[in-house]
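Participant: One structure follows; several queries about it will come next.
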Amino acid sequence: MNNFFFDPESSLGFMTFTTNRLMASFLRRRMAQAGIDLTAEQWGVMVFVWNRGTIGQDELTHALCMDKTGMSRLLATMEDKGLVTRNPDPDDARRRVVTATQAGDALKERSRAVAEEALVLLLQDVSPQDHATCMRVLATVKDTLRGLAP
(Lines give C-alpha, C1' and ligand atoms only; values in the text may rest on other atoms or scores of the structure.)
Protein backbone atom coordinates (compact mmCIF):
# COMPACT_ATOMS: atom_id res chain seq x y z
CA MET A 1 0.00 0.00 0.00
CA ASN A 2 3.01 2.27 0.56
CA ASN A 3 3.85 2.60 -3.11
CA PHE A 4 0.32 3.09 -4.44
CA PHE A 5 1.12 6.64 -5.55
CA PHE A 6 4.07 5.53 -7.64
CA ASP A 7 2.60 2.31 -9.01
CA PRO A 8 -0.72 2.96 -10.77
CA GLU A 9 -1.32 -0.79 -11.16
CA SER A 10 -1.53 -0.98 -7.34
CA SER A 11 -4.00 1.88 -7.09
CA LEU A 12 -7.67 1.02 -6.64
CA GLY A 13 -8.64 4.31 -8.28
CA PHE A 14 -6.43 3.78 -11.33
CA MET A 15 -7.52 0.17 -11.76
CA THR A 16 -11.24 0.91 -11.43
CA PHE A 17 -10.99 4.00 -13.67
CA THR A 18 -9.11 2.27 -16.48
CA THR A 19 -11.17 -0.92 -16.20
CA ASN A 20 -14.36 1.15 -16.42
CA ARG A 21 -13.09 2.94 -19.52
CA LEU A 22 -12.13 -0.33 -21.20
CA MET A 23 -15.45 -1.96 -20.29
CA ALA A 24 -17.42 1.05 -21.56
CA SER A 25 -15.50 1.02 -24.84
CA PHE A 26 -16.00 -2.73 -25.21
CA LEU A 27 -19.74 -2.47 -24.56
CA ARG A 28 -20.06 0.41 -27.04
CA ARG A 29 -18.33 -1.64 -29.74
CA ARG A 30 -20.52 -4.67 -29.04
CA MET A 31 -23.66 -2.53 -29.17
CA ALA A 32 -22.51 -0.97 -32.45
CA GLN A 33 -21.79 -4.41 -33.93
CA ALA A 34 -25.39 -5.35 -33.05
CA GLY A 35 -26.67 -2.19 -34.74
CA ILE A 36 -27.58 -0.53 -31.43
CA ASP A 37 -26.60 3.12 -30.96
CA LEU A 38 -26.06 3.15 -27.17
CA THR A 39 -23.03 4.16 -25.14
CA ALA A 40 -22.31 2.49 -21.81
CA GLU A 41 -23.59 5.61 -20.00
CA GLN A 42 -26.79 5.57 -22.03
CA TRP A 43 -27.19 1.86 -21.38
CA GLY A 44 -26.90 2.54 -17.65
CA VAL A 45 -29.64 5.16 -17.83
CA MET A 46 -31.88 2.89 -19.86
CA VAL A 47 -31.49 0.03 -17.37
CA PHE A 48 -32.75 2.25 -14.54
CA VAL A 49 -35.59 3.60 -16.70
CA TRP A 50 -36.60 0.11 -17.85
CA ASN A 51 -36.49 -1.23 -14.30
CA ARG A 52 -38.54 1.63 -12.86
CA GLY A 53 -40.79 2.67 -15.75
CA THR A 54 -40.40 6.30 -14.73
CA ILE A 55 -37.58 7.66 -12.62
CA GLY A 56 -36.68 11.11 -11.36
CA GLN A 57 -33.76 12.83 -13.03
CA ASP A 58 -32.24 13.49 -9.59
CA GLU A 59 -32.52 9.79 -8.73
CA LEU A 60 -30.67 8.90 -11.93
CA THR A 61 -28.00 11.46 -11.15
CA HIS A 62 -27.45 9.91 -7.71
CA ALA A 63 -27.68 6.28 -8.88
CA LEU A 64 -25.13 6.80 -11.67
CA CYS A 65 -22.84 9.00 -9.53
CA MET A 66 -22.97 11.86 -12.02
CA ASP A 67 -23.21 15.60 -11.58
CA LYS A 68 -26.44 17.35 -12.53
CA THR A 69 -24.97 19.07 -15.57
CA GLY A 70 -23.52 15.84 -16.97
CA MET A 71 -26.80 14.01 -16.44
CA SER A 72 -28.75 16.81 -18.07
CA ARG A 73 -26.46 16.69 -21.12
CA LEU A 74 -26.66 12.90 -21.30
CA LEU A 75 -30.45 12.93 -21.12
CA ALA A 76 -30.66 15.70 -23.74
CA THR A 77 -28.61 13.51 -26.10
CA MET A 78 -30.87 10.56 -25.36
CA GLU A 79 -33.95 12.70 -26.00
CA ASP A 80 -32.46 13.80 -29.33
CA LYS A 81 -32.00 10.11 -30.20
CA GLY A 82 -35.64 9.50 -29.28
CA LEU A 83 -34.84 7.08 -26.45
CA VAL A 84 -36.34 8.93 -23.48
CA THR A 85 -38.57 11.84 -22.59
CA ARG A 86 -38.25 14.22 -19.64
CA ASN A 87 -41.39 15.73 -18.22
CA PRO A 88 -42.39 17.58 -15.08
CA ASP A 89 -43.19 15.26 -12.18
CA PRO A 90 -46.98 15.24 -11.74
CA ASP A 91 -46.49 15.42 -7.96
CA ASP A 92 -43.80 18.14 -7.98
CA ALA A 93 -43.41 20.38 -11.05
CA ARG A 94 -39.89 21.37 -9.90
CA ARG A 95 -38.72 17.81 -10.53
CA ARG A 96 -38.30 16.12 -13.89
CA VAL A 97 -39.05 12.47 -14.54
CA VAL A 98 -37.51 10.31 -17.24
CA THR A 99 -39.47 7.72 -19.20
CA ALA A 100 -38.46 5.47 -22.08
CA THR A 101 -40.04 6.16 -25.43
CA GLN A 102 -41.40 3.41 -27.64
CA ALA A 103 -38.06 3.46 -29.51
CA GLY A 104 -36.17 3.22 -26.21
CA ASP A 105 -38.31 0.31 -25.05
CA ALA A 106 -37.74 -1.43 -28.39
CA LEU A 107 -34.01 -1.69 -27.56
CA LYS A 108 -34.53 -3.38 -24.21
CA GLU A 109 -34.21 -7.07 -25.05
CA ARG A 110 -31.63 -6.74 -27.83
CA SER A 111 -29.34 -4.49 -25.78
CA ARG A 112 -29.77 -6.66 -22.68
CA ALA A 113 -28.63 -9.68 -24.68
CA VAL A 114 -25.59 -7.78 -26.00
CA ALA A 115 -24.66 -6.55 -22.51
CA GLU A 116 -25.07 -10.03 -21.03
CA GLU A 117 -22.92 -11.58 -23.74
CA ALA A 118 -20.25 -8.90 -23.20
CA LEU A 119 -20.23 -9.50 -19.46
CA VAL A 120 -19.87 -13.25 -19.92
CA LEU A 121 -16.83 -12.64 -22.15
CA LEU A 122 -15.31 -10.15 -19.71
CA LEU A 123 -15.73 -12.48 -16.74
CA GLN A 124 -14.72 -15.72 -18.48
CA ASP A 125 -11.47 -15.93 -16.49
CA VAL A 126 -12.95 -14.77 -13.16
CA SER A 127 -14.34 -17.31 -10.73
CA PRO A 128 -17.84 -16.71 -9.33
CA GLN A 129 -16.26 -16.38 -5.87
CA ASP A 130 -13.78 -13.73 -7.05
CA HIS A 131 -16.57 -11.88 -8.83
CA ALA A 132 -18.69 -11.89 -5.67
CA THR A 133 -15.73 -10.67 -3.59
CA CYS A 134 -14.97 -7.91 -6.08
CA MET A 135 -18.60 -6.75 -6.04
CA ARG A 136 -18.67 -6.73 -2.22
CA VAL A 137 -15.44 -4.75 -2.00
CA LEU A 138 -16.54 -2.20 -4.60
CA ALA A 139 -19.93 -1.80 -2.91
CA THR A 140 -18.20 -1.17 0.42
CA VAL A 141 -15.86 1.44 -1.09
CA LYS A 142 -18.79 3.08 -2.89
CA ASP A 143 -20.82 3.24 0.33
CA THR A 144 -17.84 4.73 2.15
CA LEU A 145 -17.35 7.36 -0.55
CA ARG A 146 -21.03 8.28 -0.48
CA GLY A 147 -20.82 8.62 3.29
CA LEU A 148 -17.84 10.96 2.98
CA ALA A 149 -19.41 13.16 0.31
CA PRO A 150 -20.51 16.62 1.42
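The way I read the labels, and the way they are meant: chains A, B, ... in the order of the C-alpha coordinates, residue 1 as the first residue of every chain, and ligand 1 as the first ligand shown, with later ones counted on from there.
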Within 10 Å of region 43-48 of chain A, which residues of region 76-124 of chain A show up? Give each one with its shortest atom-to-atom distance in Å (one decimal) and the two atoms involved, counting only C-alpha atoms, rows by chain then rising residue number, as CSV.
Facilitator:
```
residue,atom,partner,partner_atom,distance
A:Met78,CA,A:Val45,CA,9.3
A:Leu83,CA,A:Met46,CA,8.4
A:Val84,CA,A:Met46,CA,8.3
A:Val98,CA,A:Val45,CA,9.4
A:Thr99,CA,A:Met46,CA,9.0
A:Ala100,CA,A:Met46,CA,7.4
A:Gly104,CA,A:Met46,CA,7.7
A:Asp105,CA,A:Met46,CA,8.7
A:Leu107,CA,A:Met46,CA,9.2
A:Lys108,CA,A:Met46,CA,8.1
A:Ser111,CA,A:Trp43,CA,8.0
A:Arg112,CA,A:Val47,CA,8.7
A:Ala115,CA,A:Trp43,CA,8.9
```
Participant: Neighbours of Arg29 (chain A) within 12 Å (only C-alpha atoms; same-chain residues fewer than 3 positions away dropped), as an MDAnalysis selection string?
Facilitator: chainID A and resid 22:26 32:40 114:115 118
Participant: I'd like to know which of A:Arg146, A:Leu27, A:Ala139, A:Thr85 is closest to Val120 (chain A), using only C-alpha atoms.
Facilitator: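 Using only C-alpha atoms, the shortest distance to Val120 (chain A) belongs to A:Leu27.
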Participant: Kindly indicate which residue among A:Asp67, A:Asp58, A:Glu109, A:Glu9 lies nearest to Asp89 (chain A), using only C-alpha atoms for the distances.
Facilitator: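 Smallest distance to Asp89 (chain A) is found for A:Asp58.
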Participant: When distances are computed from only C-alpha atoms, which of A:Gln124, A:Val97, A:Asp143, A:Val137 shows the smallest separation from Gly53 (chain A)?
Facilitator: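 Closest to Gly53 (chain A) of all the choices is A:Val97.
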